[in-house]
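Read through the structure below, which is laid out as structure tokens, and then see the notes.
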Amino acid sequence: MKGTVPLPVDRMKVELLCDKMILQVSDILIESGELDKIRPEYEASLEINCSQDKLFSVTIPFLVAPGCLHHVRDLSLQLEKHLLPGDVIEVLLLEMLDGYGNHVEKGLEVQLNVDGFCFQDRIGPKREVDDQGCINLNGKLKAVGSYGNIVSFSVEYAGKLIFKKEFQVDQRELRVMSTLPECCAAGSQLENIVFEIVDSDGTVDETIHDDANFGQSHTLTITSESSKIDDCFRYTFRHGRCTVPFISIPREPGIFSVVAAHSCHTELFMVVKVNVMQAPKLEGSSTEHHDVLSQCPVGGMLLLNKSSFCVSKHLRTLVETIINDLKELEDDVARVALLIGDQERKLKMLSEKKAAIEKGISNLQASIEHQSISQLDSLLIDKEVIVKGIEGKGDTAASILCNIPVATQSQVSHTQFLQDVVGIVALLGTVSSTNLSRILAEYLGKEHMLAIVCKSYAAASALECYEKNGQIDHDHALHSVASSVGKSINGSFLVICLEEISPYTGRFKSDDPQKKLALEDPLLPTGKIPPGFLGYAVNLINLDVHHLHTRTAKGHGLRETLFYLLLGDLQVYGTREQMKQALAYIKHGAISLDGGIMKGNGILCLGHREPEVRFPVLTSEAQRRISPYMIDILKQIEDKNLELGAICDEITKESNDHIKAMKRFKKKKERLQRYMEEKGPFLSGKYFEETSEEKKSS
């Protein structure tokens with residue numbers, strides 16, 4: 001161990017064999033917690049000295065490995081004391097140790113179980129120990145448990161619980177700050193009720209604040225089984241407090257109760273109860289004087305007094321009906337207005353979130369461009385030439401697709417149907433040489449090289465719309481985009497649906513970031529590989545770094561779906577002669593770098609043709625220079641693009657709902673105004689001027 005280290009021996013058996021020429025040392029037990037000194041090779045040697053002067057000694061080299069996972073040590077200095085729902089544990093590092101205190105080997109898989117937490121990454125509960133003997137959970141656990149609950153995470157290995165850590169989520173309570181009346185008149189309303197959320201000390205938690213910039217949704221819902229109130233209206237919390245403008249009281253006497261609850265954290269709720277009393281009925285007596293108050297649509301109070309009630313029973317009933325109808329119409333307008341306000345706040349939040357994601361994508365792309373200056377210049381130049389060549393084929397769907405980023409910068413809505421389009425076959429991968437690029441393109445043919453790749457059949461179908469007679473509708477989808485740039489799509493074009501492909505089901509090469517397929521090499525009777533065999537074409541395509549993490553809904557990548565569909569077990573040889581010599585070992589076709597093409601079943605392609613579209617060329621050395629950092633950044637960009645697509649869909653839906661609500665609001669407001677104009681004279685007072693004859697009759 002990197003220098004001599006004397007270690008205690010607990011037990012050892014030493015004996016001379018019968019011929020007395022061999023000293024047999026057996027059952028040596030050496031325990032050590034210092035194996036970290038020789039990781040990761042774990043190379044050591046055992047030196048046995050048979051005399052103090054080392055006249056007779058032997059050194060035995062060997063490999064030693066740490067034991068199985070025995071216990072876990074939390075290296076975090078101090079985990080969060082005050083844990084709240086939505087909090088992410090920023091610093092959490094777990095040391096995985098064997099029974100002697102050594103770090104376990106890299107790659108050991110454990111089960112990480114969570115209760116009240118969720119994972120921020122996509123790895124899931126199975127985790128592998130890193131090369132430091134640890135599991136790094138920094139920023140990966142988010143608390144989703146309720147206020148006041150116990151949440152935990154634990155480590156299991158071989159079905160045994162090794163480690164468990166529990167946390168207490170802080171307590172919070174919803175309470176009403178406003179003073180509520182003991183009783184209310186039927187048909188009236190409670191106004192400006194203030195709710196607040198407090199901690200265990202009774203202090204208002206000002207962090208409960210609805211903030212679109214940080215994606216925090218803190219709103220209050222009001223529900224009641226005894227009335228038509230539902231939770232379609234949400235009232236925002238501002239620094240721990242929320243004001244409900246009004247709660248309508250039902251027209252029937254009794255106990256009226258509503259439930260106020262946090263829209264996301266339903267454990268924060270309270271029941272508000274009010275005793276509803278029947279309002280005094282109007283009597284038709286000349287000696288009684290009553291004031292009737294009703295909330296007017298313009299915010300003032302309507303006052304009917306003095307002689308107003310010494311009127312006929314018919315007029316009294318008419319006035320009561322008008323007042324009730326006005327209140328219902330006003331409440332209807334107010335409900336729609338509140339809904340519109342909530343929609344506009346949500347749209348603002350979504351727009352700000354969309355802008356933040358777009359800025360994040362832009363920053364990530366800028367960092368990649370900086371990396372590319374030193375690493376991928378040659379690839380970018382070659383790829384740009386190929387893209388321009390495709391763009392030049394103005395009557396193809398692939399050309400329109402390449403023109404979309406420029407053509408529709410101000411027409412984002414036109415590209416909604418393209419969100420599940422992966423790209424064009426020719427631009428999804430690179431190869432290591434010009435010869436291989438040319439021969440693969442010739443083997444696949446122009447139609448397949450320009451094929452559009454989509455994730456699903458639904459996405460592929462959205463590229464083209466049809467009229468009732470079955471003719472293509474040129475005013476929608478990809479044809480519409482072509483028209484907007486003064487082009488058209490002539491003829492048919494191929495679309496490949498990844499999720500409809502039967503994927504490769506075999507093994508993959510281990511520790512290969514490109515996830516190449518573990519196909520068996522062809523073997524001669526001698527057990528050797530045929531001369532000139534360079535590999536399978538499906539593995540000689542390097543996936544473009546932007547698509548290394550592209551997956552179908554079932555988790556399959558481009559290599560085992562798209563490229564295995566197009567190339568299968570196609571073999572690649574150096575020359576035609578080498579391909580010819582290996583003919584007996586070629587089952588599914590072969591190509592050679594000097595232009596030979598054999599498609600199997602006795603079909604040969606002869607002659608020479610320079611393909612119009614080919615794969616970009618990226619040398620093996622340049623490919624190796626693509627850093628893991630860049631690959632990680634590209635994965636982040638893909639994740640953010642998926643999130644951006646979901647946000648755009650939500651904005652579209654919310655915008656449509658907002659337009660409908662505005663139309664509904666306009667109609668209800670016009671109806672209210674018409675009703676006020678029609679019935680206003682009955683409330684002006686002139687109909688309640690009494691004559692002496694009316695007094696007598698009353």
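We name chains A, B, ... following the order of the structure tokens; residues begin at 1 in each chain, and ligands are numbered from 1 as shown.
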Inset, instruction - Extract, using only C-alpha atoms, all DNA, RNA and protein residues at most 10 Å from Leu440 in chain A, discarding same-chain residues fewer than 2 positions from it, and format them as a PyMOL selection string. - result: chain A and resi 431+435-438+442-445+449+537+541+567+572+591-593+595+597+611+614-615
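Summary of the local environment: counting only C-alpha atoms, residues at most 6 Å from range 481-495 of chain A, other than itself and those fewer than 4 positions away along its chain, are Asp395, Thr396, Ala397, Ile400, Ala451, Ile452 and Val453 of chain A.
Comparing the minimum interatomic distances between Leu141 in chain A and each of A:Gly645, A:Gly535, A:Pro85, A:Pro66, counting only C-alpha atoms, we find that A:Pro85 sits nearest.
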Inset, instruction - Return the single residue from A:Gln343, A:Val169, A:Lys653, A:Leu92 that is closest to Asn136 in chain A, with distances computed using only C-alpha atoms. - result: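 Of the candidates, the smallest distance to Asn136 in chain A is held by A:Leu92.
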Legend entry - DSSP-assigned alpha helix (DSSP H) among range 387-583 of chain A, expressed as JSON, numbers by chain: {"A": [387, 388, 389, 390, 391, 397, 398, 399, 400, 401, 402, 403, 404, 405, 406, 407, 434, 435, 436, 437, 438, 439, 440, 441, 442, 443, 444, 446, 447, 448, 449, 457, 458, 459, 460, 461, 477, 478, 479, 480, 481, 482, 483, 484, 537, 538, 539, 540, 564, 565, 566, 567, 576, 577, 578, 579, 580, 581]}
Inset, instruction - Write out as a PyMOL selection string each polymer residue whose atoms come within 7 Å of range 508-520 of chain A, counting only C-alpha atoms; drop sequence neighbours fewer than 3 positions from it. - result: chain A and resi 539+542-543+548
Using N, CA and C atoms, can you export the residues from the last selection as a PDB file, in the first residue's frame?
```
ATOM      1  N   ASN A 539     -23.276   1.667 -35.756  1.00  0.00           N
ATOM      2  CA  ASN A 539     -22.390   2.132 -34.682  1.00  0.00           C
ATOM      3  C   ASN A 539     -21.354   3.140 -35.157  1.00  0.00           C
ATOM      4  N   ASN A 542     -22.062   8.737 -35.242  1.00  0.00           N
ATOM      5  CA  ASN A 542     -22.069   9.360 -33.923  1.00  0.00           C
ATOM      6  C   ASN A 542     -23.256  10.307 -33.845  1.00  0.00           C
ATOM      7  N   LEU A 543     -24.115  10.072 -32.859  1.00  0.00           N
ATOM      8  CA  LEU A 543     -25.291  10.925 -32.712  1.00  0.00           C
ATOM      9  C   LEU A 543     -24.859  12.363 -32.468  1.00  0.00           C
ATOM     10  N   LEU A 548     -28.148  13.387 -28.219  1.00  0.00           N
ATOM     11  CA  LEU A 548     -27.686  12.246 -27.432  1.00  0.00           C
ATOM     12  C   LEU A 548     -28.752  11.788 -26.443  1.00  0.00           C
TER      13      LEU A 548
END
```
